[in-house]
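Structure record follows, encoded as structure tokens.
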Amino acid sequence: MKKILVTGCNGQLGRAVNQEYNTEEVEFINTDVQAGEGVAALDITNVEEVLAMVRDTRPDVIINCAAHTAVDLCEQQWDSAYKINAIGARNLSIAAAEVDAKLIHVSTDYVFDGNGTRPYTEFDEPGPNSAYGKTKLEGENFVKNFSRKYFILRTAWLYGDGKNFVKTMLRLAENHEKVTVVNDQLGSPTSAVELAKMIHFLEPTENYGLFHATCEGSCSWADLAEETFRLAGKNTVVERVTTEEYCKMNPNQAPRPAYSILDNYMLRLTSDFQMADWKEALKVYIENL
């Protein structure tokens with residue numbers, strides 16, 4: 001039976017991955033920072049701990065869903081962000097190489113500066129502006145340097161079973177007639193369910209390398225909020241503002257890419273797999289809440 005070790009199993013993607021494989025004969029080794037029922041404690045920033053876990057369990061695949069994703073906090077917690085997003089990826093890569101396991105590592109659209117005018121492909125030069133983006137890019141580089149059999153999946157605007165923008169909007173709609181949302185940041189909202197499907201598709205293959213992994217299509221955060229309210233039958237009005245206006249109302253914001261639409265170019269060229277359109281994926285998500 002195939003063994004799959006998942007880090008960050010209690011996060012949005014970790015939960016979606018477990019659900020995605022629920023009809024397949026797989027032995028999951030679920031890990032997170034804290035132990036729980038069916039979950040082993042694993043600090044991915046500790047190389048000896050990672051090596052001991054991987055040597056003991058000898059997984060066929062490691063799926064790294066763990067990350068420091070609090071974009072604003074990363075600015076204040078550089079060391080913590082670097083340890084989790086970069087050193088953690090390095091440690092898992094070293095361990096995966098030792099037992100000849102495949103490594104699936106999840107990265108982000110924030111590795112780009114956001115000054116683009118067309119969707120970014122895997123061949124465009126990264127240039128992150130935030131601590132989050134910089135540490136995630138370092139994680140990518142460590143995976144490339146230390147792992148032999150890897151898939152790096154850059155995703156964006158992820159939502160699933162956990163804290164996310166869509167749920168925040170629905171919560172605000174309960175007691176707000178109007179919400180203020182940025183309209184000049186463009187990206188591709190991506191369902192954790194859809195990303196888990198892509199992971200499941202790539203995992204058994206040897207189609208290694210760097211992939212962009214977002215739902216098809218694109219929008220602004222304000223568009224996403226409006227579509228969320230429409231699908232949920234809410235009458236809350238979206239007040240569209242610029243990033244500059246939003247930052248005046250909410251100071252100490254980390255820099256965010258204005259344009260981070262990703263083109264799933266390598267996926268399109270090397271397979272027949274396609275991720276769902278963002279509106280369709282959002283509709284399914286809200287129907288299942």
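Going by the structure tokens order, chains are called A, B, ..., each with residues numbered from 1, while ligands are numbered from 1 in the order shown.
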I want to know what sits within 9 Å of A:Glu194, based on only C-alpha atoms, with residues of the same chain fewer than 3 positions away left out; could you give that as a CSV table (one decimal) with C-alpha atoms, in the first residue's frame?
```
chain,number,residue,atom,x,y,z
A,16,ALA,CA,-8.7,18.6,1.1
A,190,THR,CA,-8.4,28.6,-6.1
A,191,SER,CA,-10.4,26.0,-4.3
A,197,LYS,CA,-7.3,17.0,-7.4
A,198,MET,CA,-4.3,18.3,-9.2
A,199,ILE,CA,-2.0,16.9,-6.6
A,213,ALA,CA,-1.8,25.4,-10.1
A,214,THR,CA,-4.8,27.8,-9.9
A,215,CYS,CA,-8.4,27.6,-11.0
A,275,MET,CA,-8.5,22.8,-13.1
A,276,ALA,CA,-12.1,24.1,-12.8
A,281,ALA,CA,-15.3,25.9,-8.1
```
Do you have, as a tab-separated table, the list of residues of stretch 115-174 of chain A lying at most 8 Å from stretch 258-272 of chain A, each with its nearest atom pair and that distance in Å to one decimal, counting only C-alpha atoms and ordered by chain then number?
```
residue	atom	partner	partner_atom	distance
A:Asn115	CA	A:Tyr259	CA	6.1
A:Gly116	CA	A:Tyr259	CA	6.0
A:Thr117	CA	A:Tyr259	CA	7.2
A:Arg118	CA	A:Ile261	CA	7.5
A:Pro119	CA	A:Ile261	CA	4.9
A:Tyr120	CA	A:Leu262	CA	4.8
A:Thr121	CA	A:Asp263	CA	5.2
A:Glu122	CA	A:Tyr265	CA	7.0
```
Exercise for review: May I have the residues within 9 Å of A:Pro189 as number ranges by chain, using only C-alpha atoms and disregarding those fewer than 5 positions away in the same chain?
Suggested key: A: 155-159, 214-219, 221, 224, 278-279, 281-282
Can those selected residues be exported to a file as a PDB file, in the first residue's frame so that it contains N, CA and C atoms?
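Contents of again.pdb, freshly written:
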```pdb
ATOM      1  N   THR A 155       0.209  28.066  -6.188  1.00  0.00           N
ATOM      2  CA  THR A 155      -1.227  28.320  -6.205  1.00  0.00           C
ATOM      3  C   THR A 155      -1.505  29.742  -5.744  1.00  0.00           C
ATOM      4  N   ALA A 156      -2.777  30.111  -5.618  1.00  0.00           N
ATOM      5  CA  ALA A 156      -3.116  31.494  -5.280  1.00  0.00           C
ATOM      6  C   ALA A 156      -4.509  31.591  -4.675  1.00  0.00           C
ATOM      7  N   TRP A 157      -4.692  32.536  -3.775  1.00  0.00           N
ATOM      8  CA  TRP A 157      -6.004  32.908  -3.227  1.00  0.00           C
ATOM      9  C   TRP A 157      -6.786  31.658  -2.788  1.00  0.00           C
ATOM     10  N   LEU A 158      -6.136  30.814  -2.009  1.00  0.00           N
ATOM     11  CA  LEU A 158      -6.692  29.505  -1.667  1.00  0.00           C
ATOM     12  C   LEU A 158      -7.818  29.615  -0.629  1.00  0.00           C
ATOM     13  N   TYR A 159      -8.862  28.833  -0.833  1.00  0.00           N
ATOM     14  CA  TYR A 159      -9.946  28.750   0.152  1.00  0.00           C
ATOM     15  C   TYR A 159     -10.390  27.294   0.272  1.00  0.00           C
ATOM     16  N   THR A 214      -3.670  26.996 -10.387  1.00  0.00           N
ATOM     17  CA  THR A 214      -4.793  27.821  -9.943  1.00  0.00           C
ATOM     18  C   THR A 214      -6.030  27.471 -10.764  1.00  0.00           C
ATOM     19  N   CYS A 215      -7.184  27.799 -10.211  1.00  0.00           N
ATOM     20  CA  CYS A 215      -8.406  27.647 -10.994  1.00  0.00           C
ATOM     21  C   CYS A 215      -8.347  28.571 -12.202  1.00  0.00           C
ATOM     22  N   GLU A 216      -9.050  28.193 -13.253  1.00  0.00           N
ATOM     23  CA  GLU A 216      -9.029  28.974 -14.495  1.00  0.00           C
ATOM     24  C   GLU A 216      -9.791  30.292 -14.314  1.00  0.00           C
ATOM     25  N   GLY A 217      -9.362  31.296 -15.085  1.00  0.00           N
ATOM     26  CA  GLY A 217     -10.002  32.600 -15.012  1.00  0.00           C
ATOM     27  C   GLY A 217      -9.363  33.468 -13.943  1.00  0.00           C
ATOM     28  N   SER A 218      -9.844  34.699 -13.825  1.00  0.00           N
ATOM     29  CA  SER A 218      -9.255  35.640 -12.875  1.00  0.00           C
ATOM     30  C   SER A 218     -10.267  36.706 -12.494  1.00  0.00           C
ATOM     31  N   CYS A 219      -9.964  37.437 -11.416  1.00  0.00           N
ATOM     32  CA  CYS A 219     -10.846  38.493 -10.945  1.00  0.00           C
ATOM     33  C   CYS A 219     -10.108  39.339  -9.927  1.00  0.00           C
ATOM     34  N   TRP A 221     -10.284  41.039  -5.861  1.00  0.00           N
ATOM     35  CA  TRP A 221     -10.849  40.633  -4.566  1.00  0.00           C
ATOM     36  C   TRP A 221     -12.298  41.113  -4.450  1.00  0.00           C
ATOM     37  N   LEU A 224     -14.489  38.793  -6.344  1.00  0.00           N
ATOM     38  CA  LEU A 224     -14.662  37.544  -5.592  1.00  0.00           C
ATOM     39  C   LEU A 224     -15.691  37.733  -4.478  1.00  0.00           C
ATOM     40  N   TRP A 278     -12.844  29.339 -11.844  1.00  0.00           N
ATOM     41  CA  TRP A 278     -12.948  29.799 -10.459  1.00  0.00           C
ATOM     42  C   TRP A 278     -14.396  29.988 -10.008  1.00  0.00           C
ATOM     43  N   LYS A 279     -15.263  30.421 -10.908  1.00  0.00           N
ATOM     44  CA  LYS A 279     -16.667  30.624 -10.532  1.00  0.00           C
ATOM     45  C   LYS A 279     -17.362  29.296 -10.259  1.00  0.00           C
ATOM     46  N   ALA A 281     -15.873  26.474  -9.290  1.00  0.00           N
ATOM     47  CA  ALA A 281     -15.310  25.919  -8.057  1.00  0.00           C
ATOM     48  C   ALA A 281     -15.890  26.624  -6.833  1.00  0.00           C
ATOM     49  N   LEU A 282     -16.071  27.941  -6.934  1.00  0.00           N
ATOM     50  CA  LEU A 282     -16.642  28.705  -5.824  1.00  0.00           C
ATOM     51  C   LEU A 282     -18.091  28.298  -5.576  1.00  0.00           C
TER      52      LEU A 282
END
```
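Between atom CA of A:Val182 and atom CA of A:Asn85 lies a distance of 26.5 Å.
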**Study point:** Which of stretch 127-273 of chain A DSSP labels alpha helix (DSSP H), written as number ranges by chain
**Key:** A: 131-146, 165-173, 192-202, 221-232, 243-249, 265-270
Residues from the last selection, C-alpha atoms, saved as a PDB file, in the first residue's frame:
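Result file follows (again-v8.pdb):
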```
ATOM      1  CA  ALA A 131       8.563  38.513   3.383  1.00  0.00           C
ATOM      2  CA  TYR A 132       5.992  35.812   2.650  1.00  0.00           C
ATOM      3  CA  GLY A 133       6.845  35.748  -1.058  1.00  0.00           C
ATOM      4  CA  LYS A 134      10.600  35.881  -0.435  1.00  0.00           C
ATOM      5  CA  THR A 135      10.581  33.008   2.059  1.00  0.00           C
ATOM      6  CA  LYS A 136       8.334  30.893  -0.165  1.00  0.00           C
ATOM      7  CA  LEU A 137      10.691  31.449  -3.109  1.00  0.00           C
ATOM      8  CA  GLU A 138      13.625  30.331  -0.958  1.00  0.00           C
ATOM      9  CA  GLY A 139      11.619  27.204  -0.159  1.00  0.00           C
ATOM     10  CA  GLU A 140      11.226  26.527  -3.891  1.00  0.00           C
ATOM     11  CA  ASN A 141      14.974  26.897  -4.385  1.00  0.00           C
ATOM     12  CA  PHE A 142      15.762  24.484  -1.545  1.00  0.00           C
ATOM     13  CA  VAL A 143      13.398  21.897  -3.046  1.00  0.00           C
ATOM     14  CA  LYS A 144      15.142  22.210  -6.424  1.00  0.00           C
ATOM     15  CA  ASN A 145      18.570  21.915  -4.803  1.00  0.00           C
ATOM     16  CA  PHE A 146      17.952  19.018  -2.417  1.00  0.00           C
ATOM     17  CA  PHE A 165     -11.375  35.251   2.416  1.00  0.00           C
ATOM     18  CA  VAL A 166     -14.642  33.670   1.256  1.00  0.00           C
ATOM     19  CA  LYS A 167     -15.651  32.661   4.786  1.00  0.00           C
ATOM     20  CA  THR A 168     -14.633  36.081   6.099  1.00  0.00           C
ATOM     21  CA  MET A 169     -16.930  37.751   3.562  1.00  0.00           C
ATOM     22  CA  LEU A 170     -19.835  35.465   4.492  1.00  0.00           C
ATOM     23  CA  ARG A 171     -19.253  36.172   8.185  1.00  0.00           C
ATOM     24  CA  LEU A 172     -19.211  39.945   7.564  1.00  0.00           C
ATOM     25  CA  ALA A 173     -22.391  39.671   5.511  1.00  0.00           C
ATOM     26  CA  ALA A 192      -8.377  23.636  -2.057  1.00  0.00           C
ATOM     27  CA  VAL A 193     -10.512  20.815  -3.455  1.00  0.00           C
ATOM     28  CA  GLU A 194      -9.356  21.618  -6.995  1.00  0.00           C
ATOM     29  CA  LEU A 195      -5.716  21.867  -5.909  1.00  0.00           C
ATOM     30  CA  ALA A 196      -6.007  18.503  -4.144  1.00  0.00           C
ATOM     31  CA  LYS A 197      -7.332  17.009  -7.385  1.00  0.00           C
ATOM     32  CA  MET A 198      -4.281  18.312  -9.246  1.00  0.00           C
ATOM     33  CA  ILE A 199      -1.973  16.885  -6.575  1.00  0.00           C
ATOM     34  CA  HIS A 200      -3.727  13.522  -6.888  1.00  0.00           C
ATOM     35  CA  PHE A 201      -3.348  13.663 -10.673  1.00  0.00           C
ATOM     36  CA  LEU A 202       0.373  14.490 -10.674  1.00  0.00           C
ATOM     37  CA  TRP A 221     -10.849  40.633  -4.566  1.00  0.00           C
ATOM     38  CA  ALA A 222     -13.932  42.824  -4.951  1.00  0.00           C
ATOM     39  CA  ASP A 223     -15.208  40.606  -7.790  1.00  0.00           C
ATOM     40  CA  LEU A 224     -14.662  37.544  -5.592  1.00  0.00           C
ATOM     41  CA  ALA A 225     -16.607  39.139  -2.739  1.00  0.00           C
ATOM     42  CA  GLU A 226     -19.515  40.049  -5.033  1.00  0.00           C
ATOM     43  CA  GLU A 227     -19.657  36.566  -6.553  1.00  0.00           C
ATOM     44  CA  THR A 228     -19.563  35.047  -3.065  1.00  0.00           C
ATOM     45  CA  PHE A 229     -22.520  37.177  -1.949  1.00  0.00           C
ATOM     46  CA  ARG A 230     -24.428  36.409  -5.146  1.00  0.00           C
ATOM     47  CA  LEU A 231     -23.982  32.664  -4.792  1.00  0.00           C
ATOM     48  CA  ALA A 232     -24.842  32.744  -1.083  1.00  0.00           C
ATOM     49  CA  THR A 243      -5.012  49.274  -2.455  1.00  0.00           C
ATOM     50  CA  GLU A 244      -3.757  52.732  -1.494  1.00  0.00           C
ATOM     51  CA  GLU A 245      -7.138  53.668  -0.044  1.00  0.00           C
ATOM     52  CA  TYR A 246      -7.401  50.353   1.802  1.00  0.00           C
ATOM     53  CA  CYS A 247      -3.917  50.731   3.320  1.00  0.00           C
ATOM     54  CA  LYS A 248      -4.814  54.181   4.654  1.00  0.00           C
ATOM     55  CA  MET A 249      -7.757  52.606   6.457  1.00  0.00           C
ATOM     56  CA  TYR A 265       1.239  26.596 -18.787  1.00  0.00           C
ATOM     57  CA  MET A 266       3.242  23.485 -17.888  1.00  0.00           C
ATOM     58  CA  LEU A 267       0.137  21.575 -16.854  1.00  0.00           C
ATOM     59  CA  ARG A 268      -1.505  22.417 -20.170  1.00  0.00           C
ATOM     60  CA  LEU A 269       1.556  21.410 -22.200  1.00  0.00           C
ATOM     61  CA  THR A 270       2.378  18.174 -20.386  1.00  0.00           C
TER      62      THR A 270
END
```
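Residue nearest A:Ser147 within the list A:Ser80, A:Asn288, A:Ser93, A:Thr31: A:Ser93 [criterion: smallest interatomic distance, only C-alpha atoms].
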Practice item. Quote the spacing between atom CA of A:Glu75 and atom CA of A:Phe151 in Å to one decimal place. Key: 27.2 Å
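Near A:Val241, within 8 Å and counting only C-alpha atoms, sit Thr180, Val181, Val182, Asn183 and Asp184 of chain A, not including residues fewer than 6 positions from it in the same chain.
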